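For reference, protein.txt (compact mmCIF, C-alpha atoms):
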# COMPACT_ATOMS: atom_id res chain seq x y z
CA MET A 1136 10.41 -22.11 181.33
CA MET A 1137 11.50 -25.72 181.39
CA GLY A 1138 14.02 -27.17 179.01
CA PRO A 1139 13.33 -28.58 175.56
CA HIS A 1140 11.36 -31.78 175.18
CA ARG A 1141 11.58 -32.84 171.54
CA ILE A 1142 9.05 -35.01 169.87
CA ARG A 1143 8.68 -35.62 166.17
CA CYS A 1144 7.26 -33.58 163.35
CA THR A 1145 6.91 -34.40 159.69
CA PRO A 1146 6.45 -31.60 157.13
CA SER A 1147 5.61 -32.73 153.61
CA TRP A 1148 8.00 -30.05 152.33
CA ARG A 1149 9.50 -26.77 153.43
CA ARG A 1150 10.04 -23.43 151.73
CA ALA A 1151 12.15 -20.55 153.07
CA PHE A 1152 9.41 -17.92 153.16
CA MET A 1153 10.88 -15.92 155.99
CA ILE A 1154 14.60 -16.07 155.35
CA PRO A 1155 14.56 -13.91 152.18
CA ALA A 1156 12.55 -11.31 154.09
CA VAL A 1157 15.14 -11.15 156.82
CA ALA A 1158 17.86 -10.85 154.21
CA ALA A 1159 15.96 -7.84 152.85
CA LEU A 1160 15.80 -6.44 156.35
CA LEU A 1161 19.53 -6.71 156.68
CA ALA A 1162 19.84 -4.83 153.43
CA GLY A 1163 17.88 -1.98 154.97
CA SER A 1164 14.15 -2.74 154.74
CA ALA A 1165 11.77 -4.27 157.27
CA GLY A 1166 10.26 -7.64 156.38
CA ALA A 1167 6.79 -8.75 157.35
CA VAL A 1168 6.40 -12.43 157.88
CA ALA A 1169 5.78 -14.98 160.55
CA ARG A 1170 8.77 -15.77 162.75
CA ALA A 1171 9.48 -17.70 165.88
CA ALA A 1172 11.54 -17.53 169.14
CA ASP A 1173 11.20 -17.89 173.08
CA PRO A 1174 12.18 -19.08 176.44
CA GLY A 1175 11.67 -22.81 176.69
CA PRO A 1176 11.10 -24.71 173.49
CA ALA A 1177 10.64 -28.37 172.91
CA GLY A 1178 9.08 -30.50 170.24
CA ALA A 1179 5.97 -32.30 169.04
CA GLY A 1180 5.46 -34.90 166.37
CA PRO A 1181 3.89 -36.74 163.46
CA ALA A 1182 0.26 -37.47 163.06
CA GLY A 1183 -2.04 -38.69 160.40
CA ALA A 1184 -4.39 -37.02 157.97
CA GLY A 1185 -8.12 -36.51 157.93
CA ALA A 1186 -10.30 -34.65 160.42
CA ALA A 1187 -11.93 -36.99 162.91
CA GLY A 1188 -13.30 -35.34 166.01
CA ALA A 1189 -13.88 -32.08 164.15
CA GLY A 1190 -17.08 -31.43 166.06
CA ALA A 1191 -15.13 -30.65 169.22
CA ALA A 1192 -12.89 -28.14 167.49
CA GLY A 1193 -14.13 -25.24 165.40
CA PRO A 1194 -14.67 -21.76 166.84
CA GLY A 1195 -15.41 -23.13 170.32
CA ALA A 1196 -11.79 -24.19 170.73
CA VAL A 1197 -10.40 -20.74 169.92
CA VAL A 1198 -9.19 -18.70 172.89
CA GLY A 1199 -10.48 -15.13 172.58
CA PRO A 1200 -8.38 -11.94 172.40
CA GLY A 1201 -8.15 -11.51 176.17
CA GLY A 1202 -7.83 -15.22 176.94
CA LYS A 1203 -4.83 -17.08 178.32
CA VAL A 1204 -3.32 -20.55 178.35
CA ALA A 1205 -0.75 -21.62 180.94
CA GLY A 1206 -1.20 -18.20 182.51
CA HIS A 1207 -0.28 -16.20 179.40
CA GLY A 1208 -2.08 -14.54 176.52
CA TYR A 1209 -1.36 -13.81 172.88
CA PRO A 1210 1.41 -11.19 173.34
CA TYR A 1211 3.46 -13.56 175.49
CA TRP A 1212 3.25 -16.50 173.09
CA LEU A 1213 4.09 -14.29 170.12
CA GLY A 1214 7.20 -13.21 172.01
CA VAL A 1215 8.01 -16.85 172.69
CA ALA A 1216 7.74 -17.57 168.97
CA ASN A 1217 9.99 -14.62 168.17
CA ARG A 1218 12.77 -15.74 170.50
CA ILE A 1219 12.62 -19.33 169.21
CA PHE A 1220 13.05 -18.09 165.65
CA TRP A 1221 16.28 -16.28 166.44
CA THR A 1222 17.79 -18.74 168.91
CA ASP A 1223 17.24 -21.54 166.40
CA GLY A 1224 19.01 -19.54 163.70
CA GLY A 1225 15.90 -18.93 161.61
CA ALA A 1226 14.93 -22.59 161.28
CA PRO A 1227 12.90 -23.61 164.35
CA PRO A 1228 11.17 -27.01 164.62
CA LEU A 1229 7.67 -26.95 163.22
CA CYS A 1230 6.15 -28.75 166.22
CA GLN A 1231 7.32 -28.28 169.78
CA THR A 1232 6.16 -28.63 173.36
CA LEU A 1233 6.75 -25.47 175.41
CA HIS A 1234 6.30 -24.97 179.14
CA ALA A 1235 5.07 -21.99 181.15
CA ASP A 1236 4.04 -21.86 184.79
CA GLY A 1237 4.51 -25.62 185.02
CA GLN A 1238 2.09 -26.32 182.17
CA ALA A 1239 2.76 -27.70 178.69
CA VAL A 1240 1.62 -25.86 175.57
CA GLU A 1241 1.98 -27.35 172.11
CA PHE A 1242 3.54 -24.90 169.66
CA LEU A 1243 2.89 -25.22 165.91
CA ASP A 1244 5.23 -22.95 163.98
CA GLY A 1245 5.54 -23.45 160.24
CA ALA A 1246 7.09 -19.99 159.75
CA ASN A 1247 9.35 -21.41 157.03
CA ALA A 1248 6.92 -24.01 155.75
CA ASP A 1249 4.37 -23.97 152.95
CA GLY A 1250 2.40 -27.17 152.71
CA ARG A 1251 1.24 -29.99 154.94
CA ILE A 1252 2.69 -30.56 158.39
CA THR A 1253 1.73 -33.51 160.58
CA CYS A 1254 2.17 -33.51 164.35
CA THR A 1255 1.16 -35.70 167.27
CA LEU A 1256 0.00 -33.77 170.31
CA ARG A 1257 -1.06 -34.77 173.79
CA ALA A 1258 -4.69 -34.50 174.85
CA GLN A 1259 -5.79 -31.68 177.17
CA GLU A 1260 -2.80 -29.51 176.27
CA PRO A 1261 -3.53 -26.09 174.72
CA ILE A 1262 -2.00 -25.14 171.38
CA TYR A 1263 -0.43 -21.97 170.00
CA VAL A 1264 -0.33 -21.73 166.19
CA HIS A 1265 2.05 -19.11 164.84
CA GLY A 1266 0.71 -16.80 162.12
CA ILE A 1267 2.17 -14.07 159.95
CA ALA A 1268 3.99 -11.34 161.89
CA ASN A 1269 6.57 -8.61 161.48
CA GLU A 1270 9.59 -8.22 163.72
CA CYS A 1271 12.23 -5.55 164.13
CA SER A 1272 15.53 -6.20 165.88
CA THR A 1273 18.76 -4.59 166.90
CA LEU A 1274 20.55 -6.37 164.03
CA HIS A 1275 22.03 -3.92 161.55
CA GLY A 1276 19.41 -2.97 158.94
CA ASP A 1277 16.58 -4.80 160.72
CA HIS A 1278 14.76 -1.78 162.13
CA ALA A 1279 13.78 0.18 159.02
CA GLY A 1280 14.87 3.68 160.03
CA PHE A 1281 13.78 3.31 163.64
CA GLY A 1282 16.12 3.31 166.61
CA THR A 1283 16.93 0.32 168.76
CA SER A 1284 15.24 1.21 172.04
CA ALA A 1285 12.46 -1.15 173.14
CA ARG A 1286 9.77 1.38 172.26
CA GLN A 1287 11.25 2.10 168.84
CA LEU A 1288 11.56 -1.59 167.98
CA GLU A 1289 7.93 -2.13 168.98
CA GLN A 1290 6.82 0.81 166.83
CA CYS A 1291 8.87 -0.54 163.93
CA ALA A 1292 7.31 -4.00 164.23
CA ARG A 1293 3.79 -2.58 164.23
CA LYS A 1294 4.42 -0.30 161.24
CA GLY A 1295 6.00 -3.07 159.19
CA PHE A 1296 2.93 -5.28 159.65
CA LYS A 1297 0.80 -2.99 157.51
CA GLY A 1298 -0.09 -4.59 154.20
CA VAL A 1299 0.03 -8.19 155.43
CA HIS A 1300 -2.71 -10.40 156.83
CA GLY A 1301 -3.81 -13.96 157.28
CA THR A 1302 -6.75 -16.30 157.79
CA ALA A 1303 -7.21 -19.43 159.86
CA SER A 1304 -9.64 -22.32 160.12
CA VAL A 1305 -10.03 -25.25 162.49
CA ASP A 1306 -11.55 -28.45 161.13
CA GLY A 1307 -13.05 -26.51 158.25
CA ALA A 1308 -14.61 -23.79 160.42
CA PRO A 1309 -13.17 -20.32 159.70
CA VAL A 1310 -11.91 -18.32 162.67
CA ALA A 1311 -14.10 -15.28 162.02
CA ASP A 1312 -12.40 -13.01 164.56
CA TYR A 1313 -8.85 -13.96 163.56
CA PRO A 1314 -7.82 -10.30 162.94
CA GLU A 1315 -8.85 -9.52 166.53
CA LEU A 1316 -6.20 -11.95 167.75
CA ILE A 1317 -3.36 -9.78 166.43
CA SER A 1318 -1.02 -8.85 169.27
CA ALA A 1319 2.11 -6.87 170.04
CA ALA A 1320 4.91 -8.77 171.74
CA ALA A 1321 7.31 -6.92 173.97
CA VAL A 1322 11.01 -6.94 173.13
CA VAL A 1323 12.73 -10.27 173.83
CA ASP A 1324 16.42 -10.95 174.29
CA ALA A 1325 17.95 -13.64 172.12
CA ARG A 1326 21.31 -14.95 170.97
CA LEU A 1327 21.80 -15.73 167.32
CA PRO A 1328 23.74 -19.02 167.16
CA LYS A 1329 26.97 -19.59 165.27
CA HIS A 1330 25.25 -21.64 162.59
CA ASN A 1331 22.28 -19.64 161.35
CA GLY A 1332 20.37 -19.13 158.13
CA PHE A 1333 21.43 -15.50 157.81
CA HIS A 1334 25.20 -16.13 157.58
CA LEU A 1335 25.76 -13.68 160.42
CA ALA A 1336 28.24 -13.89 163.27
CA PRO A 1337 26.77 -15.20 166.53
CA GLN A 1338 25.62 -12.29 168.62
CA ARG A 1339 23.24 -11.12 171.29
CA MET A 1340 20.27 -9.15 170.07
CA ARG A 1341 16.81 -7.86 170.95
CA SER A 1342 13.67 -8.13 168.86
CA ALA A 1343 10.03 -6.97 168.99
CA ASP A 1344 7.20 -8.67 167.12
CA TYR A 1345 3.68 -7.74 166.00
CA GLY A 1346 1.26 -10.06 164.28
CA GLU A 1347 -1.12 -12.98 164.23
CA GLY A 1348 -1.41 -16.17 166.23
CA LEU A 1349 -4.04 -18.67 167.32
CA LEU A 1350 -4.51 -20.18 170.78
CA LEU A 1351 -6.65 -23.32 171.00
CA SER A 1352 -7.90 -25.15 174.04
CA GLY A 1353 -10.10 -28.18 174.58
CA LEU A 1354 -9.52 -30.17 171.39
CA THR A 1355 -10.82 -33.70 171.84
CA ALA A 1356 -8.80 -36.82 171.08
CA GLY A 1357 -8.68 -37.62 167.39
CA ARG A 1358 -7.43 -35.99 164.23
CA HIS A 1359 -7.88 -32.29 163.56
CA THR A 1360 -6.89 -29.97 160.73
CA ILE A 1361 -5.72 -26.40 161.25
CA VAL A 1362 -5.12 -24.26 158.18
CA VAL A 1363 -3.28 -20.93 158.38
CA LYS A 1364 -2.95 -18.76 155.27
CA SER A 1365 -0.64 -15.75 155.16
CA PHE A 1366 -0.54 -12.97 152.58
CA SER A 1367 2.14 -10.32 152.06
CA PRO A 1368 3.33 -8.17 149.14
CA ASP A 1369 5.96 -10.86 148.52
CA GLY A 1370 3.43 -13.65 148.05
CA SER A 1371 1.26 -16.07 149.97
CA GLN A 1372 1.78 -19.14 152.10
CA GLN A 1373 -0.46 -21.88 153.48
CA ARG A 1374 0.35 -24.23 156.33
CA THR A 1375 -1.99 -27.15 156.84
CA PHE A 1376 -1.39 -28.77 160.23
CA VAL A 1377 -2.83 -32.24 160.49
CA ILE A 1378 -2.63 -33.12 164.15
CA ASN A 1379 -3.43 -36.27 166.04
CA VAL A 1380 -4.49 -35.57 169.60
CA SER A 1381 -4.10 -38.61 171.84
Take the structure in the file and write it out as structure tokens.
Amino acid sequence: MMGPHRIRCTPSWRRAFMIPAVAALLAGSAGAVARAADPGPAGAGPAGAGAAGAGAAGPGAVVGPGGKVAGHGYPYWLGVANRIFWTDGGAPPLCQTLHADGQAVEFLDGANADGRITCTLRAQEPIYVHGIANECSTLHGDHAGFGTSARQLEQCARKGFKGVHGTASVDGAPVADYPELISAAAVVDARLPKHNGFHLAPQRMRSADYGEGLLLSGLTAGRHTIVVKSFSPDGSQQRTFVINVS
């Protein structure tokens, strides 16, 4: 992974949807919600509104369950999102540019956002949109009765995902096979920074993740709208990404 390359991102407003869930985890229960965290983040930025160029998006832009971008499929990018979440202390940028195998991939997070997010992305670069997911980590209380081996954390993440789900659409076209894009990310290593949203001491940790995501490829230049809705026993959340591809 290459180092961070920040651009700009403008959310209309943010809501801490994930942080309370993690707090519950630390109290002894597993939380199911989208998170973020991986090897080589960066940023992406503001765009406009509207949905010009929608004809080139829709279902045709969605990478299928076995598909890959920059040499990696859904499990890898979910793991990337998981590491970013932790290494950024629970508050990762909503729009970033990541790199894998020498290729750039735009990453739209919104794990802690509920509302409209505008980003400017570069043409011809694939996109990963983070959805709702459940993670389990080696942090005290964050593995719901499971152990802390890699296999146990992965089992914990999968079990905790039960009862949550999401939907997605691209330029108004629903992603009909969105549930088929659910993946299991292998355990990632991360370091919780000194200043984090959980008021915990900085520490090294490991975390496994299981949940939804959306890979897109081939969006034409113009404005596009991606809507991701997430539902859990604790409530619902909708992120509307308005992106300008140029």
Cut-off 8 Å: closest stretch 1246-1338 of chain A/stretch 1220-1223 of chain A atom pairs per residue, using all atoms listed in the file, as JSON lines:
{"residue": "A:Ala1325", "atom": "CA", "partner": "A:Thr1222", "partner_atom": "CA", "distance": 6.0}
{"residue": "A:Arg1326", "atom": "CA", "partner": "A:Thr1222", "partner_atom": "CA", "distance": 5.6}
{"residue": "A:Leu1327", "atom": "CA", "partner": "A:Thr1222", "partner_atom": "CA", "distance": 5.3}
{"residue": "A:Pro1328", "atom": "CA", "partner": "A:Thr1222", "partner_atom": "CA", "distance": 6.2}
{"residue": "A:Asn1331", "atom": "CA", "partner": "A:Asp1223", "partner_atom": "CA", "distance": 7.4}
If I take atom CA of A:Phe1281 and atom CA of A:Asn1217, how far is one from the other in Å, to one decimal? 18.9 Å
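Minimum atom-to-atom distance to A:Gly1201, evaluated using only C-alpha atoms, belongs to A:Ser1318 out of A:Gln1287, A:Ser1272, A:Ser1304, A:Ser1318.
In terms of minimum interatomic distance to A:Ile1219, A:Val1323 ranks closest within A:Ala1235, A:Val1323, A:Ala1285, A:Ala1279, counting all atoms listed in the file.
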Nearest to A:Pro1228, chosen from A:Cys1291, A:Ile1262, A:Ala1248, A:Val1380, with only C-alpha atoms counted in the distances: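 Closest to A:Pro1228, using only C-alpha atoms: A:Ala1248.
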Min atom-atom distance to A:Leu1256 from the set A:Leu1350, A:Cys1271, A:Ala1226, A:Val1240, counting all atoms listed in the file, belongs to A:Val1240
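Atom pair atom CA of A:Leu1351 / atom CA of A:Ile1378: separated by 12.6 Å.
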Could stretch 1280-1295 of chain A be completed with N, CA and C atoms and returned as a short mmCIF file (atom, residue, chain, number, x, y, z; two decimals), in the frame of the given file?
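Final file, part-v7.cif:
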data_model
loop_
_atom_site.label_atom_id
_atom_site.label_comp_id
_atom_site.auth_asym_id
_atom_site.auth_seq_id
_atom_site.Cartn_x
_atom_site.Cartn_y
_atom_site.Cartn_z
N GLY A 1280 14.84 2.26 159.74
CA GLY A 1280 14.87 3.68 160.03
C GLY A 1280 14.50 4.04 161.45
N PHE A 1281 14.09 3.06 162.23
CA PHE A 1281 13.78 3.31 163.64
C PHE A 1281 15.05 3.11 164.46
N GLY A 1282 15.00 3.54 165.71
CA GLY A 1282 16.12 3.31 166.61
C GLY A 1282 16.04 1.92 167.21
N THR A 1283 16.86 1.66 168.20
CA THR A 1283 16.93 0.32 168.76
C THR A 1283 16.47 0.25 170.22
N SER A 1284 15.81 1.29 170.71
CA SER A 1284 15.24 1.21 172.04
C SER A 1284 14.04 0.26 171.98
N ALA A 1285 13.60 -0.23 173.12
CA ALA A 1285 12.46 -1.15 173.14
C ALA A 1285 11.24 -0.52 172.49
N ARG A 1286 10.95 0.72 172.82
CA ARG A 1286 9.77 1.38 172.26
C ARG A 1286 9.89 1.54 170.75
N GLN A 1287 11.07 1.90 170.28
CA GLN A 1287 11.25 2.10 168.84
C GLN A 1287 11.14 0.78 168.07
N LEU A 1288 11.67 -0.28 168.64
CA LEU A 1288 11.56 -1.59 167.98
C LEU A 1288 10.10 -2.03 167.91
N GLU A 1289 9.35 -1.76 168.97
CA GLU A 1289 7.93 -2.13 168.98
C GLU A 1289 7.15 -1.31 167.96
N GLN A 1290 7.48 -0.04 167.82
CA GLN A 1290 6.82 0.81 166.83
C GLN A 1290 7.16 0.33 165.42
N CYS A 1291 8.41 -0.04 165.22
CA CYS A 1291 8.87 -0.54 163.93
C CYS A 1291 8.13 -1.82 163.54
N ALA A 1292 7.98 -2.73 164.51
CA ALA A 1292 7.31 -4.00 164.23
C ALA A 1292 5.86 -3.77 163.82
N ARG A 1293 5.20 -2.87 164.53
CA ARG A 1293 3.79 -2.58 164.23
C ARG A 1293 3.65 -1.94 162.84
N LYS A 1294 4.51 -0.98 162.54
CA LYS A 1294 4.42 -0.30 161.24
C LYS A 1294 4.68 -1.27 160.09
N GLY A 1295 5.66 -2.15 160.26
CA GLY A 1295 6.00 -3.07 159.19
C GLY A 1295 4.94 -4.13 158.92
#
